[in-house]
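Structure file structure-v4.pdb (PDB, C-alpha atoms) is printed below.
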MODEL        1
ATOM      1  CA  MET A   1      73.424-217.838  26.811  1.00  0.00           C
ATOM      2  CA  GLY A   2      76.842-217.129  28.167  1.00  0.00           C
ATOM      3  CA  LYS A   3      78.407-217.353  24.746  1.00  0.00           C
ATOM      4  CA  VAL A   4      75.851-214.978  23.220  1.00  0.00           C
ATOM      5  CA  GLU A   5      76.443-212.391  25.953  1.00  0.00           C
ATOM      6  CA  SER A   6      80.204-212.546  25.509  1.00  0.00           C
ATOM      7  CA  VAL A   7      79.847-212.168  21.705  1.00  0.00           C
ATOM      8  CA  ILE A   8      77.633-209.110  22.251  1.00  0.00           C
ATOM      9  CA  ARG A   9      80.140-207.605  24.704  1.00  0.00           C
ATOM     10  CA  ILE A  10      83.043-208.216  22.321  1.00  0.00           C
ATOM     11  CA  GLY A  11      81.020-206.746  19.421  1.00  0.00           C
ATOM     12  CA  PHE A  12      80.107-203.740  21.555  1.00  0.00           C
ATOM     13  CA  PHE A  13      83.774-203.122  22.525  1.00  0.00           C
ATOM     14  CA  LEU A  14      84.865-203.498  18.886  1.00  0.00           C
ATOM     15  CA  LEU A  15      82.255-200.983  17.796  1.00  0.00           C
ATOM     16  CA  ILE A  16      83.440-198.473  20.405  1.00  0.00           C
ATOM     17  CA  ALA A  17      87.076-199.090  19.455  1.00  0.00           C
ATOM     18  CA  MET A  18      86.276-198.452  15.776  1.00  0.00           C
ATOM     19  CA  LEU A  19      84.483-195.219  16.607  1.00  0.00           C
ATOM     20  CA  VAL A  20      87.397-193.998  18.735  1.00  0.00           C
ATOM     21  CA  PHE A  21      89.888-195.013  16.045  1.00  0.00           C
ATOM     22  CA  THR A  22      87.880-193.215  13.334  1.00  0.00           C
ATOM     23  CA  ALA A  23      87.539-190.072  15.433  1.00  0.00           C
ATOM     24  CA  CYS A  24      91.260-189.960  16.223  1.00  0.00           C
ATOM     25  CA  SER A  25      92.500-190.771  12.738  1.00  0.00           C
ATOM     26  CA  GLY A  26      91.330-187.410  11.302  1.00  0.00           C
ATOM     27  CA  LYS A  27      89.741-189.098   8.306  1.00  0.00           C
ATOM     28  CA  GLY A  28      86.243-188.704   9.621  1.00  0.00           C
ATOM     29  CA  ALA A  29      83.816-186.135   8.322  1.00  0.00           C
ATOM     30  CA  THR A  30      85.206-183.458   6.022  1.00  0.00           C
ATOM     31  CA  PRO A  31      84.906-179.983   7.503  1.00  0.00           C
ATOM     32  CA  SER A  32      82.652-177.619   5.586  1.00  0.00           C
ATOM     33  CA  PRO A  33      84.429-174.753   3.820  1.00  0.00           C
ATOM     34  CA  VAL A  34      84.585-171.415   5.607  1.00  0.00           C
ATOM     35  CA  ARG A  35      82.256-168.904   4.016  1.00  0.00           C
ATOM     36  CA  GLU A  36      82.916-165.234   4.375  1.00  0.00           C
ATOM     37  CA  VAL A  37      79.804-163.164   4.945  1.00  0.00           C
ATOM     38  CA  VAL A  38      79.942-159.542   3.854  1.00  0.00           C
ATOM     39  CA  THR A  39      77.326-157.147   5.130  1.00  0.00           C
ATOM     40  CA  ALA A  40      76.797-153.918   3.239  1.00  0.00           C
ATOM     41  CA  ILE A  41      74.901-150.963   4.606  1.00  0.00           C
ATOM     42  CA  VAL A  42      73.072-149.354   1.736  1.00  0.00           C
ATOM     43  CA  GLU A  43      71.981-145.784   2.237  1.00  0.00           C
ATOM     44  CA  LYS A  44      69.854-143.696  -0.034  1.00  0.00           C
ATOM     45  CA  PRO A  45      72.174-141.300  -1.855  1.00  0.00           C
ATOM     46  CA  SER A  46      71.723-137.652  -1.095  1.00  0.00           C
ATOM     47  CA  PRO A  47      70.129-135.716  -3.897  1.00  0.00           C
ATOM     48  CA  SER A  48      72.557-134.144  -6.294  1.00  0.00           C
ATOM     49  CA  PRO A  49      71.422-130.844  -7.726  1.00  0.00           C
ATOM     50  CA  THR A  50      70.900-131.094 -11.457  1.00  0.00           C
ATOM     51  CA  PRO A  51      71.207-127.660 -12.982  1.00  0.00           C
ATOM     52  CA  MET A  52      68.113-126.506 -14.827  1.00  0.00           C
ATOM     53  CA  VAL A  53      69.261-124.888 -18.061  1.00  0.00           C
ATOM     54  CA  CYS A  54      66.962-122.199 -19.416  1.00  0.00           C
ATOM     55  CA  THR A  55      65.244-123.068 -22.694  1.00  0.00           C
ATOM     56  CA  ASN A  56      62.807-120.107 -22.884  1.00  0.00           C
ATOM     57  CA  ASP A  57      61.038-121.449 -25.972  1.00  0.00           C
ATOM     58  CA  PRO A  58      59.215-118.503 -27.610  1.00  0.00           C
ATOM     59  CA  ASN A  59      56.193-120.777 -28.169  1.00  0.00           C
ATOM     60  CA  GLY A  60      56.381-122.260 -24.675  1.00  0.00           C
ATOM     61  CA  PRO A  61      55.450-121.007 -21.216  1.00  0.00           C
ATOM     62  CA  THR A  62      56.447-117.443 -20.343  1.00  0.00           C
ATOM     63  CA  LEU A  63      57.244-115.612 -17.103  1.00  0.00           C
ATOM     64  CA  LYS A  64      56.942-111.872 -16.482  1.00  0.00           C
ATOM     65  CA  LEU A  65      57.475-109.556 -13.542  1.00  0.00           C
ATOM     66  CA  VAL A  66      54.176-107.742 -12.944  1.00  0.00           C
ATOM     67  CA  SER A  67      54.931-105.633  -9.869  1.00  0.00           C
ATOM     68  CA  GLU A  68      57.837-103.954  -8.108  1.00  0.00           C
ATOM     69  CA  ASP A  69      57.412-106.178  -5.069  1.00  0.00           C
ATOM     70  CA  GLY A  70      58.500-109.229  -7.069  1.00  0.00           C
ATOM     71  CA  LYS A  71      55.169-110.718  -8.126  1.00  0.00           C
ATOM     72  CA  VAL A  72      55.706-112.952 -11.166  1.00  0.00           C
ATOM     73  CA  GLU A  73      53.033-114.399 -13.434  1.00  0.00           C
ATOM     74  CA  GLY A  74      53.525-117.289 -15.809  1.00  0.00           C
ATOM     75  CA  SER A  75      51.333-118.643 -18.567  1.00  0.00           C
ATOM     76  CA  GLY A  76      51.346-121.423 -21.149  1.00  0.00           C
ATOM     77  CA  PHE A  77      51.936-124.314 -18.736  1.00  0.00           C
ATOM     78  CA  GLU A  78      50.024-127.590 -18.880  1.00  0.00           C
ATOM     79  CA  PRO A  79      46.883-127.250 -16.709  1.00  0.00           C
ATOM     80  CA  GLY A  80      47.596-128.581 -13.215  1.00  0.00           C
ATOM     81  CA  GLU A  81      51.188-129.623 -13.983  1.00  0.00           C
ATOM     82  CA  GLU A  82      53.773-129.672 -11.201  1.00  0.00           C
ATOM     83  CA  LEU A  83      56.446-127.000 -11.589  1.00  0.00           C
ATOM     84  CA  ALA A  84      59.949-127.118 -10.091  1.00  0.00           C
ATOM     85  CA  VAL A  85      60.811-123.594  -8.952  1.00  0.00           C
ATOM     86  CA  GLN A  86      64.241-122.246  -8.021  1.00  0.00           C
ATOM     87  CA  LEU A  87      64.895-118.662  -7.021  1.00  0.00           C
ATOM     88  CA  GLN A  88      68.341-117.281  -6.313  1.00  0.00           C
ATOM     89  CA  CYS A  89      69.045-113.685  -5.414  1.00  0.00           C
ATOM     90  CA  LYS A  90      72.286-111.801  -4.923  1.00  0.00           C
ATOM     91  CA  THR A  91      73.574-108.336  -4.189  1.00  0.00           C
ATOM     92  CA  GLU A  92      76.956-106.662  -3.822  1.00  0.00           C
ATOM     93  CA  LYS A  93      76.717-106.757  -0.034  1.00  0.00           C
ATOM     94  CA  PHE A  94      74.961-109.434   1.940  1.00  0.00           C
ATOM     95  CA  GLY A  95      74.846-107.307   5.059  1.00  0.00           C
ATOM     96  CA  SER A  96      76.519-107.889   8.386  1.00  0.00           C
ATOM     97  CA  PRO A  97      78.194-110.293   9.052  1.00  0.00           C
ATOM     98  CA  PRO A  98      79.501-110.833   5.487  1.00  0.00           C
ATOM     99  CA  GLU A  99      79.443-114.656   5.565  1.00  0.00           C
ATOM    100  CA  GLN A 100      75.647-114.636   5.468  1.00  0.00           C
ATOM    101  CA  LYS A 101      74.089-115.738   2.215  1.00  0.00           C
ATOM    102  CA  ALA A 102      71.637-114.159  -0.169  1.00  0.00           C
ATOM    103  CA  PRO A 103      68.117-115.589  -0.240  1.00  0.00           C
ATOM    104  CA  SER A 104      67.246-118.641  -2.278  1.00  0.00           C
ATOM    105  CA  LEU A 105      64.205-120.860  -2.567  1.00  0.00           C
ATOM    106  CA  TYR A 106      63.595-124.328  -3.979  1.00  0.00           C
ATOM    107  CA  GLY A 107      60.128-125.796  -4.146  1.00  0.00           C
ATOM    108  CA  THR A 108      57.344-127.266  -6.210  1.00  0.00           C
ATOM    109  CA  TYR A 109      54.184-125.485  -7.242  1.00  0.00           C
ATOM    110  CA  ARG A 110      51.246-126.301  -9.538  1.00  0.00           C
ATOM    111  CA  ALA A 111      49.903-124.478 -12.541  1.00  0.00           C
ATOM    112  CA  ASP A 112      46.200-123.715 -12.245  1.00  0.00           C
ATOM    113  CA  GLN A 113      43.453-125.255 -14.412  1.00  0.00           C
ATOM    114  CA  ASN A 114      44.174-122.654 -17.146  1.00  0.00           C
ATOM    115  CA  GLY A 115      47.925-123.343 -17.209  1.00  0.00           C
ATOM    116  CA  ASN A 116      48.800-120.135 -15.328  1.00  0.00           C
ATOM    117  CA  PHE A 117      51.256-119.755 -12.465  1.00  0.00           C
ATOM    118  CA  GLU A 118      51.577-116.966  -9.916  1.00  0.00           C
ATOM    119  CA  PHE A 119      54.661-116.554  -7.739  1.00  0.00           C
ATOM    120  CA  LYS A 120      54.401-114.032  -4.862  1.00  0.00           C
ATOM    121  CA  GLN A 121      57.016-115.299  -2.395  1.00  0.00           C
ATOM    122  CA  ILE A 122      59.860-112.990  -3.474  1.00  0.00           C
ATOM    123  CA  GLN A 123      58.742-109.997  -1.382  1.00  0.00           C
ATOM    124  CA  TYR A 124      58.289-112.157   1.711  1.00  0.00           C
ATOM    125  CA  MET A 125      61.760-113.675   1.186  1.00  0.00           C
ATOM    126  CA  LEU A 126      63.380-110.255   0.812  1.00  0.00           C
ATOM    127  CA  GLU A 127      61.676-108.925   3.955  1.00  0.00           C
ATOM    128  CA  SER A 128      62.770-111.999   5.908  1.00  0.00           C
ATOM    129  CA  TRP A 129      66.319-111.720   4.558  1.00  0.00           C
ATOM    130  CA  GLN A 130      66.463-108.031   5.485  1.00  0.00           C
ATOM    131  CA  SER A 131      65.380-108.638   9.091  1.00  0.00           C
ATOM    132  CA  ILE A 132      67.835-111.532   9.582  1.00  0.00           C
ATOM    133  CA  GLN A 133      70.846-110.079   7.778  1.00  0.00           C
ATOM    134  CA  TYR A 134      70.493-106.334   8.387  1.00  0.00           C
ATOM    135  CA  VAL A 135      70.380-105.396   4.699  1.00  0.00           C
ATOM    136  CA  PRO A 136      69.493-101.712   4.340  1.00  0.00           C
ATOM    137  CA  SER A 137      66.170-100.835   2.727  1.00  0.00           C
ATOM    138  CA  GLY A 138      66.549 -99.818  -0.888  1.00  0.00           C
ATOM    139  CA  THR A 139      69.470-102.179  -1.581  1.00  0.00           C
ATOM    140  CA  GLU A 140      69.316-103.378  -5.177  1.00  0.00           C
ATOM    141  CA  ILE A 141      69.149-107.124  -5.546  1.00  0.00           C
ATOM    142  CA  SER A 142      69.351-109.321  -8.663  1.00  0.00           C
ATOM    143  CA  CYS A 143      67.107-112.375  -8.726  1.00  0.00           C
ATOM    144  CA  HIS A 144      67.039-115.300 -11.142  1.00  0.00           C
ATOM    145  CA  LEU A 145      63.787-117.306 -11.225  1.00  0.00           C
ATOM    146  CA  VAL A 146      63.857-120.750 -12.872  1.00  0.00           C
ATOM    147  CA  VAL A 147      60.686-122.776 -13.493  1.00  0.00           C
ATOM    148  CA  GLY A 148      61.033-126.350 -14.753  1.00  0.00           C
ATOM    149  CA  HIS A 149      57.986-127.676 -16.572  1.00  0.00           C
ATOM    150  CA  SER A 150      56.989-130.477 -18.934  1.00  0.00           C
ATOM    151  CA  LYS A 151      58.202-128.632 -22.057  1.00  0.00           C
ATOM    152  CA  GLY A 152      61.520-127.325 -20.736  1.00  0.00           C
ATOM    153  CA  VAL A 153      62.761-124.609 -18.396  1.00  0.00           C
ATOM    154  CA  SER A 154      61.537-120.992 -18.302  1.00  0.00           C
ATOM    155  CA  CYS A 155      63.693-118.326 -16.668  1.00  0.00           C
ATOM    156  CA  LEU A 156      63.330-114.705 -15.650  1.00  0.00           C
ATOM    157  CA  ASP A 157      66.020-112.283 -14.442  1.00  0.00           C
ATOM    158  CA  MET A 158      64.832-109.411 -12.247  1.00  0.00           C
ATOM    159  CA  LYS A 159      66.282-106.346 -10.521  1.00  0.00           C
ATOM    160  CA  LEU A 160      64.439-105.599  -7.279  1.00  0.00           C
ATOM    161  CA  ARG A 161      64.954-103.419  -4.228  1.00  0.00           C
ATOM    162  CA  VAL A 162      64.948-104.683  -0.656  1.00  0.00           C
ATOM    163  CA  PRO A 163      61.859-103.126   1.000  1.00  0.00           C
TER
ENDMDL
END
Structure re-expressed in structure tokens:
Amino acid sequence: MGKVESVIRIGFFLLIAMLVFTACSGKGATPSPVREVVTAIVEKPSPSPTPMVCTNDPNGPTLKLVSEDGKVEGSGFEPGEELAVQLQCKTEKFGSPPEQKAPSLYGTYRADQNGNFEFKQIQYMLESWQSIQYVPSGTEISCHLVVGHSKGVSCLDMKLRVP
């Protein structure tokens, strides 16, 4: 068995020598290509205001000022439909200090089951604006009410007085 052991030893040393030679020759395994990983942070874009252009279809929904305190009634809407409402008001003087802004409101409301809409927030807005910005009572203010609905956009221009 001496010859068999020496053949095994020689075979073992040859195997090791071949492995070392292969590792050192640089022709071993091919390196995998480098892959560049790009990570993107996706954020929801901020809403961009789309201007609502007045259509005021004579056969469509209508808006009318029904009281001096800014109560507006609308009719002719689809029963229960969601309405996009924008109100912007302005005056010659905003009060003190002058960098303060005139009142505005953006919101959604619903027409009732008969397709009517009632908007009473103008007076509350004007009172709030007056107390924050020191606008004198009796100041004339111009307001533009825009109501987006399923058939278009209804608008109403109003001249009101700060309470």
Long-range neighbours of region 121-130 of chain A as a VMD selection string, 12 Å cut-off, only C-alpha atoms, 3 positions minimum in chain: chain A and resid 65 67 to 73 85 to 91 93 to 96 100 to 107 109 118 133 to 145 158 to 163
Length of the CA of Pro58 (chain A) to CA of Gly80 (chain A) vector [Å]: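 Atom-to-atom, CA of Pro58 (chain A) to CA of Gly80 (chain A), that is 21.1 Å.
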The PyMOL selection byres ((chain A and resi 110) around 10) resolved against shown file, as a PyMOL selection string: chain A and resi 77-85+108-109+111-113+115-118+149
File dump, residues just selected, C-alpha atoms, as a PDB file, in the coordinates of the input:
ATOM      1  CA  PHE A  77      51.936-124.314 -18.736  1.00  0.00           C
ATOM      2  CA  GLU A  78      50.024-127.590 -18.880  1.00  0.00           C
ATOM      3  CA  PRO A  79      46.883-127.250 -16.709  1.00  0.00           C
ATOM      4  CA  GLY A  80      47.596-128.581 -13.215  1.00  0.00           C
ATOM      5  CA  GLU A  81      51.188-129.623 -13.983  1.00  0.00           C
ATOM      6  CA  GLU A  82      53.773-129.672 -11.201  1.00  0.00           C
ATOM      7  CA  LEU A  83      56.446-127.000 -11.589  1.00  0.00           C
ATOM      8  CA  ALA A  84      59.949-127.118 -10.091  1.00  0.00           C
ATOM      9  CA  VAL A  85      60.811-123.594  -8.952  1.00  0.00           C
ATOM     10  CA  THR A 108      57.344-127.266  -6.210  1.00  0.00           C
ATOM     11  CA  TYR A 109      54.184-125.485  -7.242  1.00  0.00           C
ATOM     12  CA  ALA A 111      49.903-124.478 -12.541  1.00  0.00           C
ATOM     13  CA  ASP A 112      46.200-123.715 -12.245  1.00  0.00           C
ATOM     14  CA  GLN A 113      43.453-125.255 -14.412  1.00  0.00           C
ATOM     15  CA  GLY A 115      47.925-123.343 -17.209  1.00  0.00           C
ATOM     16  CA  ASN A 116      48.800-120.135 -15.328  1.00  0.00           C
ATOM     17  CA  PHE A 117      51.256-119.755 -12.465  1.00  0.00           C
ATOM     18  CA  GLU A 118      51.577-116.966  -9.916  1.00  0.00           C
ATOM     19  CA  HIS A 149      57.986-127.676 -16.572  1.00  0.00           C
TER      20      HIS A 149
END
Separation of CA of Leu63 (chain A) from CA of Ser131 (chain A), in Å and rounded to one decimal: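 Distance between the two atoms: 28.3 Å.
CA of Asp157 (chain A) lies 14.4 Å from CA of Met52 (chain A).
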